[in-house]
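A quick write-up on the structure given underneath.
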Amino acid sequence: MREIVPHVTLIEKLRGANVYLLTGQGALTMVDSGMTGDVERIAAQLDQAGYTLSQLETLVLTHAHGDHVGGAAEVARRSSAEVVAHKDEVPYIEQSKPLPGSNPAQQALIWLSNRLLFRLSPCSVDRGVEEGDVLDALGGLRVIHIPGHTPGTIGLYQPERGILFCGDALFNAHPMTGADGLRLPIRAFTVDDPQARKSVRKMAALDVDVLCCGHGEPIVGGAGERMKALLEDENG
């Protein structure tokens, strides 16, 4: 585990997406859960830091792709944490409906990835949130609905500290090579690319200093300017 800024820790060396632990006031909140099989690594790192998985009170899922929610059912079972996601994403996390695609080929790719690559199990969601809802972590995390990558992708925004958790609405690493650099989400797994770009503009309009993406190193300092520069490059 590595502290990014006070009370925000990155859980490292996972096979799936980035997982963030939020601490303070005796409560533990986790953002995303990595892939199936990552839970033991998460639990071990919590133990090393003086916590236990059973202390986790809230698990927030940014969206339903298997590299972000693969471990969710097991984390919830082992911790009794409240599982939180956007209301539009709930049926995909609970697997009562398949994730949509922009075309049949993409929908098949997403379905096969979740079933065969990620071996995704359904996870019950306890609380479906919407734009503007506030979660009791880091002094108040505002839910930002940033659809496009999936219909119910959410960001979590701490306005006083300028911290934004954005899931896969932005990447800070190339998905294939791992090379650093802020970039738009992967089109092959993005259900609505024009909407995803609108969501990036929505995020760039916020006062953001620290950007915690689902993939790649968190950006600490000047994250808002980096987002604006990305949009200018895309539009140029």
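FYI, nothing fancy with the structure tokens labels: chains A, B, ... in order, residues from 1 per chain, ligands from 1 as they appear.
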Original post:
Which residues come within 10 Å of Gln158 in chain A, counting only C-alpha atoms, excluding same-chain residues fewer than 6 positions away, as an NGL selection string?
Top reply: :A and (134-135 or 137-143 or 164-165 or 207-208 or 210)
Find the spatial neighbours of Ala76 in chain A, counting only C-alpha atoms, within a cut-off of 9 Å - ignore same-chain residues fewer than 3 positions away - and output them as a PDB file with N, CA and C atoms, in the first residue's frame.
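Once everything was written out, this is around14.pdb:
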ATOM      1  N   LEU A  56     -13.854  -2.865   6.890  1.00  0.00           N
ATOM      2  CA  LEU A  56     -14.342  -2.087   5.759  1.00  0.00           C
ATOM      3  C   LEU A  56     -15.837  -1.834   5.906  1.00  0.00           C
ATOM      4  N   THR A  58     -17.606   0.534   3.642  1.00  0.00           N
ATOM      5  CA  THR A  58     -18.231   0.882   2.370  1.00  0.00           C
ATOM      6  C   THR A  58     -17.346   0.443   1.215  1.00  0.00           C
ATOM      7  N   LEU A  59     -17.937  -0.172   0.213  1.00  0.00           N
ATOM      8  CA  LEU A  59     -17.257  -0.519  -1.035  1.00  0.00           C
ATOM      9  C   LEU A  59     -17.989   0.199  -2.160  1.00  0.00           C
ATOM     10  N   GLY A  71     -13.662  -8.753  -7.549  1.00  0.00           N
ATOM     11  CA  GLY A  71     -13.532  -9.162  -6.152  1.00  0.00           C
ATOM     12  C   GLY A  71     -14.651  -8.673  -5.254  1.00  0.00           C
ATOM     13  N   ALA A  72     -15.637  -7.980  -5.820  1.00  0.00           N
ATOM     14  CA  ALA A  72     -16.635  -7.284  -4.995  1.00  0.00           C
ATOM     15  C   ALA A  72     -17.449  -8.230  -4.130  1.00  0.00           C
ATOM     16  N   ALA A  73     -17.942  -9.321  -4.701  1.00  0.00           N
ATOM     17  CA  ALA A  73     -18.792 -10.228  -3.937  1.00  0.00           C
ATOM     18  C   ALA A  73     -18.039 -10.803  -2.740  1.00  0.00           C
ATOM     19  N   SER A  79     -16.438  -8.727   4.630  1.00  0.00           N
ATOM     20  CA  SER A  79     -16.396  -7.485   5.403  1.00  0.00           C
ATOM     21  C   SER A  79     -17.764  -7.003   5.876  1.00  0.00           C
ATOM     22  N   SER A  80     -18.839  -7.455   5.245  1.00  0.00           N
ATOM     23  CA  SER A  80     -20.189  -6.930   5.487  1.00  0.00           C
ATOM     24  C   SER A  80     -20.296  -5.456   5.123  1.00  0.00           C
ATOM     25  N   ALA A  81     -19.421  -4.992   4.225  1.00  0.00           N
ATOM     26  CA  ALA A  81     -19.444  -3.589   3.796  1.00  0.00           C
ATOM     27  C   ALA A  81     -20.706  -3.312   2.977  1.00  0.00           C
ATOM     28  N   GLU A  82     -21.180  -2.059   3.056  1.00  0.00           N
ATOM     29  CA  GLU A  82     -22.255  -1.606   2.186  1.00  0.00           C
ATOM     30  C   GLU A  82     -21.685  -1.419   0.784  1.00  0.00           C
ATOM     31  N   VAL A  83     -22.312  -2.043  -0.197  1.00  0.00           N
ATOM     32  CA  VAL A  83     -21.856  -1.937  -1.583  1.00  0.00           C
ATOM     33  C   VAL A  83     -22.655  -0.828  -2.262  1.00  0.00           C
ATOM     34  N   CYS A 123     -22.670  -9.458  -7.756  1.00  0.00           N
ATOM     35  CA  CYS A 123     -22.537  -8.885  -6.418  1.00  0.00           C
ATOM     36  C   CYS A 123     -23.776  -8.032  -6.149  1.00  0.00           C
ATOM     37  N   SER A 124     -24.419  -8.254  -5.017  1.00  0.00           N
ATOM     38  CA  SER A 124     -25.582  -7.459  -4.643  1.00  0.00           C
ATOM     39  C   SER A 124     -25.152  -6.045  -4.276  1.00  0.00           C
TER      40      SER A 124
END
Could you pull out the residues in range 25-200 of chain A that DSSP calls helix (DSSP H, G or I) from the backbone, as an mmCIF file with N, CA and C atoms, in the first residue's frame?
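Dumped to states.cif:
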data_model
loop_
_atom_site.group_PDB
_atom_site.id
_atom_site.type_symbol
_atom_site.label_atom_id
_atom_site.label_comp_id
_atom_site.auth_asym_id
_atom_site.auth_seq_id
_atom_site.Cartn_x
_atom_site.Cartn_y
_atom_site.Cartn_z
ATOM 1 N N VAL A 39 -8.525 -10.433 -3.938
ATOM 2 C CA VAL A 39 -8.968 -10.131 -2.575
ATOM 3 C C VAL A 39 -7.927 -10.520 -1.541
ATOM 4 N N GLU A 40 -7.242 -11.643 -1.747
ATOM 5 C CA GLU A 40 -6.209 -12.041 -0.779
ATOM 6 C C GLU A 40 -5.079 -11.014 -0.744
ATOM 7 N N ARG A 41 -4.699 -10.472 -1.894
ATOM 8 C CA ARG A 41 -3.664 -9.442 -1.933
ATOM 9 C C ARG A 41 -4.138 -8.178 -1.207
ATOM 10 N N ILE A 42 -5.401 -7.827 -1.424
ATOM 11 C CA ILE A 42 -5.963 -6.661 -0.735
ATOM 12 C C ILE A 42 -5.957 -6.879 0.772
ATOM 13 N N ALA A 43 -6.429 -8.046 1.202
ATOM 14 C CA ALA A 43 -6.487 -8.341 2.639
ATOM 15 C C ALA A 43 -5.099 -8.332 3.272
ATOM 16 N N ALA A 44 -4.106 -8.887 2.564
ATOM 17 C CA ALA A 44 -2.749 -8.920 3.107
ATOM 18 C C ALA A 44 -2.181 -7.516 3.282
ATOM 19 N N GLN A 45 -2.436 -6.643 2.313
ATOM 20 C CA GLN A 45 -1.924 -5.280 2.428
ATOM 21 C C GLN A 45 -2.649 -4.489 3.520
ATOM 22 N N LEU A 46 -3.925 -4.746 3.683
ATOM 23 C CA LEU A 46 -4.634 -4.122 4.800
ATOM 24 C C LEU A 46 -4.031 -4.567 6.127
ATOM 25 N N ASP A 47 -3.758 -5.855 6.265
ATOM 26 C CA ASP A 47 -3.160 -6.376 7.498
ATOM 27 C C ASP A 47 -1.815 -5.717 7.780
ATOM 28 N N GLN A 48 -0.998 -5.561 6.734
ATOM 29 C CA GLN A 48 0.312 -4.940 6.914
ATOM 30 C C GLN A 48 0.204 -3.493 7.371
ATOM 31 N N LEU A 53 -9.830 -6.586 6.742
ATOM 32 C CA LEU A 53 -10.906 -6.483 5.768
ATOM 33 C C LEU A 53 -12.261 -6.365 6.459
ATOM 34 N N SER A 54 -12.391 -6.968 7.631
ATOM 35 C CA SER A 54 -13.665 -6.913 8.352
ATOM 36 C C SER A 54 -14.018 -5.501 8.793
ATOM 37 N N GLN A 55 -13.040 -4.583 8.837
ATOM 38 C CA GLN A 55 -13.297 -3.197 9.240
ATOM 39 C C GLN A 55 -13.905 -2.364 8.109
ATOM 40 N N GLY A 66 -15.238 -6.263 -15.187
ATOM 41 C CA GLY A 66 -14.724 -7.275 -14.276
ATOM 42 C C GLY A 66 -13.412 -6.959 -13.602
ATOM 43 N N ASP A 67 -12.575 -6.118 -14.216
ATOM 44 C CA ASP A 67 -11.313 -5.777 -13.558
ATOM 45 C C ASP A 67 -11.521 -4.791 -12.410
ATOM 46 N N HIS A 68 -12.732 -4.239 -12.287
ATOM 47 C CA HIS A 68 -13.064 -3.317 -11.192
ATOM 48 C C HIS A 68 -13.967 -3.962 -10.139
ATOM 49 N N VAL A 69 -14.779 -4.932 -10.541
ATOM 50 C CA VAL A 69 -15.761 -5.498 -9.606
ATOM 51 C C VAL A 69 -15.591 -6.999 -9.400
ATOM 52 N N ALA A 72 -15.637 -7.980 -5.820
ATOM 53 C CA ALA A 72 -16.635 -7.284 -4.995
ATOM 54 C C ALA A 72 -17.449 -8.230 -4.130
ATOM 55 N N ALA A 73 -17.942 -9.321 -4.701
ATOM 56 C CA ALA A 73 -18.792 -10.228 -3.937
ATOM 57 C C ALA A 73 -18.039 -10.803 -2.740
ATOM 58 N N GLU A 74 -16.771 -11.166 -2.943
ATOM 59 C CA GLU A 74 -15.990 -11.734 -1.840
ATOM 60 C C GLU A 74 -15.649 -10.674 -0.805
ATOM 61 N N VAL A 75 -15.295 -9.464 -1.258
ATOM 62 C CA VAL A 75 -15.026 -8.376 -0.309
ATOM 63 C C VAL A 75 -16.263 -8.111 0.540
ATOM 64 N N ALA A 76 -17.428 -8.045 -0.100
ATOM 65 C CA ALA A 76 -18.660 -7.797 0.642
ATOM 66 C C ALA A 76 -18.941 -8.913 1.646
ATOM 67 N N ARG A 77 -18.706 -10.141 1.221
ATOM 68 C CA ARG A 77 -18.968 -11.280 2.105
ATOM 69 C C ARG A 77 -18.037 -11.274 3.312
ATOM 70 N N ARG A 78 -16.780 -10.946 3.095
ATOM 71 C CA ARG A 78 -15.792 -11.010 4.172
ATOM 72 C C ARG A 78 -15.783 -9.780 5.057
ATOM 73 N N SER A 79 -16.438 -8.727 4.630
ATOM 74 C CA SER A 79 -16.396 -7.485 5.403
ATOM 75 C C SER A 79 -17.764 -7.003 5.876
ATOM 76 N N VAL A 90 -26.473 -0.852 -11.380
ATOM 77 C CA VAL A 90 -26.827 -1.946 -10.471
ATOM 78 C C VAL A 90 -27.174 -3.238 -11.208
ATOM 79 N N PRO A 91 -28.031 -3.228 -12.244
ATOM 80 C CA PRO A 91 -28.368 -4.508 -12.881
ATOM 81 C C PRO A 91 -27.184 -5.206 -13.534
ATOM 82 N N TYR A 92 -26.169 -4.449 -13.939
ATOM 83 C CA TYR A 92 -24.994 -5.061 -14.561
ATOM 84 C C TYR A 92 -24.080 -5.673 -13.505
ATOM 85 N N ILE A 93 -23.953 -5.014 -12.359
ATOM 86 C CA ILE A 93 -23.139 -5.559 -11.267
ATOM 87 C C ILE A 93 -23.810 -6.792 -10.671
ATOM 88 N N PRO A 104 -23.429 -5.246 -31.625
ATOM 89 C CA PRO A 104 -23.441 -6.630 -31.131
ATOM 90 C C PRO A 104 -22.053 -7.210 -30.891
ATOM 91 N N ALA A 105 -21.089 -6.854 -31.736
ATOM 92 C CA ALA A 105 -19.736 -7.387 -31.564
ATOM 93 C C ALA A 105 -19.127 -6.902 -30.251
ATOM 94 N N GLN A 106 -19.313 -5.613 -29.951
ATOM 95 C CA GLN A 106 -18.774 -5.091 -28.698
ATOM 96 C C GLN A 106 -19.475 -5.713 -27.495
ATOM 97 N N GLN A 107 -20.784 -5.874 -27.594
ATOM 98 C CA GLN A 107 -21.505 -6.481 -26.475
ATOM 99 C C GLN A 107 -21.018 -7.908 -26.228
ATOM 100 N N ALA A 108 -20.759 -8.649 -27.299
ATOM 101 C CA ALA A 108 -20.234 -10.005 -27.147
ATOM 102 C C ALA A 108 -18.843 -9.988 -26.522
ATOM 103 N N LEU A 109 -18.001 -9.026 -26.925
ATOM 104 C CA LEU A 109 -16.649 -8.912 -26.365
ATOM 105 C C LEU A 109 -16.706 -8.637 -24.870
ATOM 106 N N ILE A 110 -17.570 -7.713 -24.462
ATOM 107 C CA ILE A 110 -17.697 -7.391 -23.039
ATOM 108 C C ILE A 110 -18.202 -8.600 -22.262
ATOM 109 N N TRP A 111 -19.203 -9.285 -22.810
ATOM 110 C CA TRP A 111 -19.758 -10.454 -22.132
ATOM 111 C C TRP A 111 -18.707 -11.552 -21.969
ATOM 112 N N LEU A 112 -17.967 -11.827 -23.033
ATOM 113 C CA LEU A 112 -16.954 -12.868 -22.968
ATOM 114 C C LEU A 112 -15.829 -12.488 -22.000
ATOM 115 N N SER A 113 -15.439 -11.213 -21.995
ATOM 116 C CA SER A 113 -14.382 -10.766 -21.084
ATOM 117 C C SER A 113 -14.795 -10.971 -19.635
ATOM 118 N N ASN A 114 -16.016 -10.558 -19.313
ATOM 119 C CA ASN A 114 -16.473 -10.692 -17.932
ATOM 120 C C ASN A 114 -16.618 -12.153 -17.525
ATOM 121 N N ARG A 115 -17.057 -13.010 -18.437
ATOM 122 C CA ARG A 115 -17.287 -14.416 -18.076
ATOM 123 C C ARG A 115 -16.012 -15.254 -18.116
ATOM 124 N N LEU A 116 -15.208 -15.082 -19.157
ATOM 125 C CA LEU A 116 -14.064 -15.974 -19.354
ATOM 126 C C LEU A 116 -12.764 -15.403 -18.810
ATOM 127 N N LEU A 117 -12.484 -14.124 -19.096
ATOM 128 C CA LEU A 117 -11.231 -13.532 -18.634
ATOM 129 C C LEU A 117 -11.302 -13.160 -17.154
ATOM 130 N N ARG A 187 -11.955 2.492 -26.593
ATOM 131 C CA ARG A 187 -13.193 2.482 -27.380
ATOM 132 C C ARG A 187 -13.806 1.090 -27.471
ATOM 133 N N ALA A 188 -12.966 0.057 -27.497
ATOM 134 C CA ALA A 188 -13.473 -1.309 -27.646
ATOM 135 C C ALA A 188 -14.387 -1.710 -26.496
ATOM 136 N N PHE A 189 -14.207 -1.063 -25.327
ATOM 137 C CA PHE A 189 -15.014 -1.405 -24.155
ATOM 138 C C PHE A 189 -15.889 -0.234 -23.704
ATOM 139 N N ASP A 193 -19.005 6.336 -27.019
ATOM 140 C CA ASP A 193 -17.790 7.145 -27.057
ATOM 141 C C ASP A 193 -18.084 8.651 -27.037
ATOM 142 N N PRO A 194 -19.046 9.174 -27.801
ATOM 143 C CA PRO A 194 -19.344 10.608 -27.704
ATOM 144 C C PRO A 194 -19.750 11.031 -26.293
ATOM 145 N N GLN A 195 -20.537 10.191 -25.620
ATOM 146 C CA GLN A 195 -20.931 10.520 -24.247
ATOM 147 C C GLN A 195 -19.731 10.464 -23.310
ATOM 148 N N ALA A 196 -18.822 9.526 -23.533
ATOM 149 C CA ALA A 196 -17.618 9.446 -22.711
ATOM 150 C C ALA A 196 -16.799 10.726 -22.810
ATOM 151 N N ARG A 197 -16.726 11.305 -24.002
ATOM 152 C CA ARG A 197 -15.990 12.558 -24.180
ATOM 153 C C ARG A 197 -16.705 13.716 -23.475
ATOM 154 N N LYS A 198 -18.029 13.711 -23.499
ATOM 155 C CA LYS A 198 -18.771 14.728 -22.751
ATOM 156 C C LYS A 198 -18.484 14.617 -21.256
ATOM 157 N N SER A 199 -18.364 13.393 -20.774
ATOM 158 C CA SER A 199 -18.077 13.191 -19.356
ATOM 159 C C SER A 199 -16.692 13.693 -18.988
ATOM 160 N N VAL A 200 -15.721 13.554 -19.901
ATOM 161 C CA VAL A 200 -14.389 14.110 -19.638
ATOM 162 C C VAL A 200 -14.467 15.630 -19.539
#
Original post:
Between CA of Leu28 in chain A and CA of Thr9 in chain A, what is the distance, to one decimal in Å?
Top reply: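 CA of Thr9 in chain A lies at a distance of 11.0 Å from CA of Leu28 in chain A.
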Subject >> Residues near Leu184 in chain A, cut-off 10 Å, only C-alpha atoms, skip fewer than 4 positions along chain, as a list in words >> reply: His149, Asp168, Ala169, Leu170, Phe171, Asn172, Ala173, His174, Thr190, Asp193, Ala196, Arg197, Val200, Met227, Leu230, Leu231 and Glu234 of chain A
Please produce a file of the residues just selected, as a PDB file, in the first residue's frame, where the atoms kept are C-alpha atoms.
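Done, and the output landed in out_7.pdb:
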ATOM      1  CA  HIS A 149     -17.590   3.996 -20.737  1.00  0.00           C
ATOM      2  CA  ASP A 168     -12.141   4.247 -16.339  1.00  0.00           C
ATOM      3  CA  ALA A 169     -13.597   7.571 -17.471  1.00  0.00           C
ATOM      4  CA  LEU A 170      -9.911   8.421 -17.993  1.00  0.00           C
ATOM      5  CA  PHE A 171      -6.786   6.246 -18.091  1.00  0.00           C
ATOM      6  CA  ASN A 172      -3.336   7.391 -17.013  1.00  0.00           C
ATOM      7  CA  ALA A 173      -1.600   4.538 -18.795  1.00  0.00           C
ATOM      8  CA  HIS A 174      -1.833   2.914 -22.202  1.00  0.00           C
ATOM      9  CA  THR A 190     -16.791   1.972 -24.194  1.00  0.00           C
ATOM     10  CA  ASP A 193     -17.790   7.145 -27.057  1.00  0.00           C
ATOM     11  CA  ALA A 196     -17.618   9.446 -22.711  1.00  0.00           C
ATOM     12  CA  ARG A 197     -15.990  12.558 -24.180  1.00  0.00           C
ATOM     13  CA  VAL A 200     -14.389  14.110 -19.638  1.00  0.00           C
ATOM     14  CA  MET A 227      -7.467  17.035 -18.357  1.00  0.00           C
ATOM     15  CA  LEU A 230      -6.006  16.260 -23.199  1.00  0.00           C
ATOM     16  CA  LEU A 231      -9.258  17.742 -24.462  1.00  0.00           C
ATOM     17  CA  GLU A 234      -8.280  15.636 -28.936  1.00  0.00           C
TER      18      GLU A 234
END
**OP:** Give the answer as one residue: which of A:Ile163, A:Leu99, A:Val31, A:Leu61 has the shortest atom-to-atom distance to Val220 in chain A, using only C-alpha atoms?
**Re:**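 Counting only C-alpha atoms, the residue closest to Val220 in chain A is A:Ile163.
Backbone DSSP over range 109-142 of chain A gives strand (DSSP E or B) for Arg127, Gly128, Val129, Val134, Leu135, Leu141 and Arg142 of chain A.
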Original post:
Between A:Gly216, A:Gly132, A:Gly148, A:Gly224, which one has atoms that come closest to His63 in chain A, using only C-alpha atoms?
Top reply: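 The answer is A:Gly148, which sits nearest to His63 in chain A.
Of the residues listed (A:Leu182, A:Thr23, A:Val5, A:Glu131), A:Thr23 shows the shortest atom-to-atom separation from Ala49 in chain A; distances use only C-alpha atoms.
For the residues A:Gly16, A:Pro185, A:Gly152, A:Gly167, ranking by smallest atom-to-atom distance to Leu211 in chain A using only C-alpha atoms places A:Gly167 first.
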**OP:** Enter the distance from CA of Ile146 in chain A to CA of Gly26 in chain A, in Å, rounded to one decimal.
**Re:** 29.4 Å
Original post:
To one decimal place, how far is CA of Gly37 in chain A from CA of Leu120 in chain A in Å?
Top reply: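 For CA of Gly37 in chain A relative to CA of Leu120 in chain A, the distance reads 10.5 Å.
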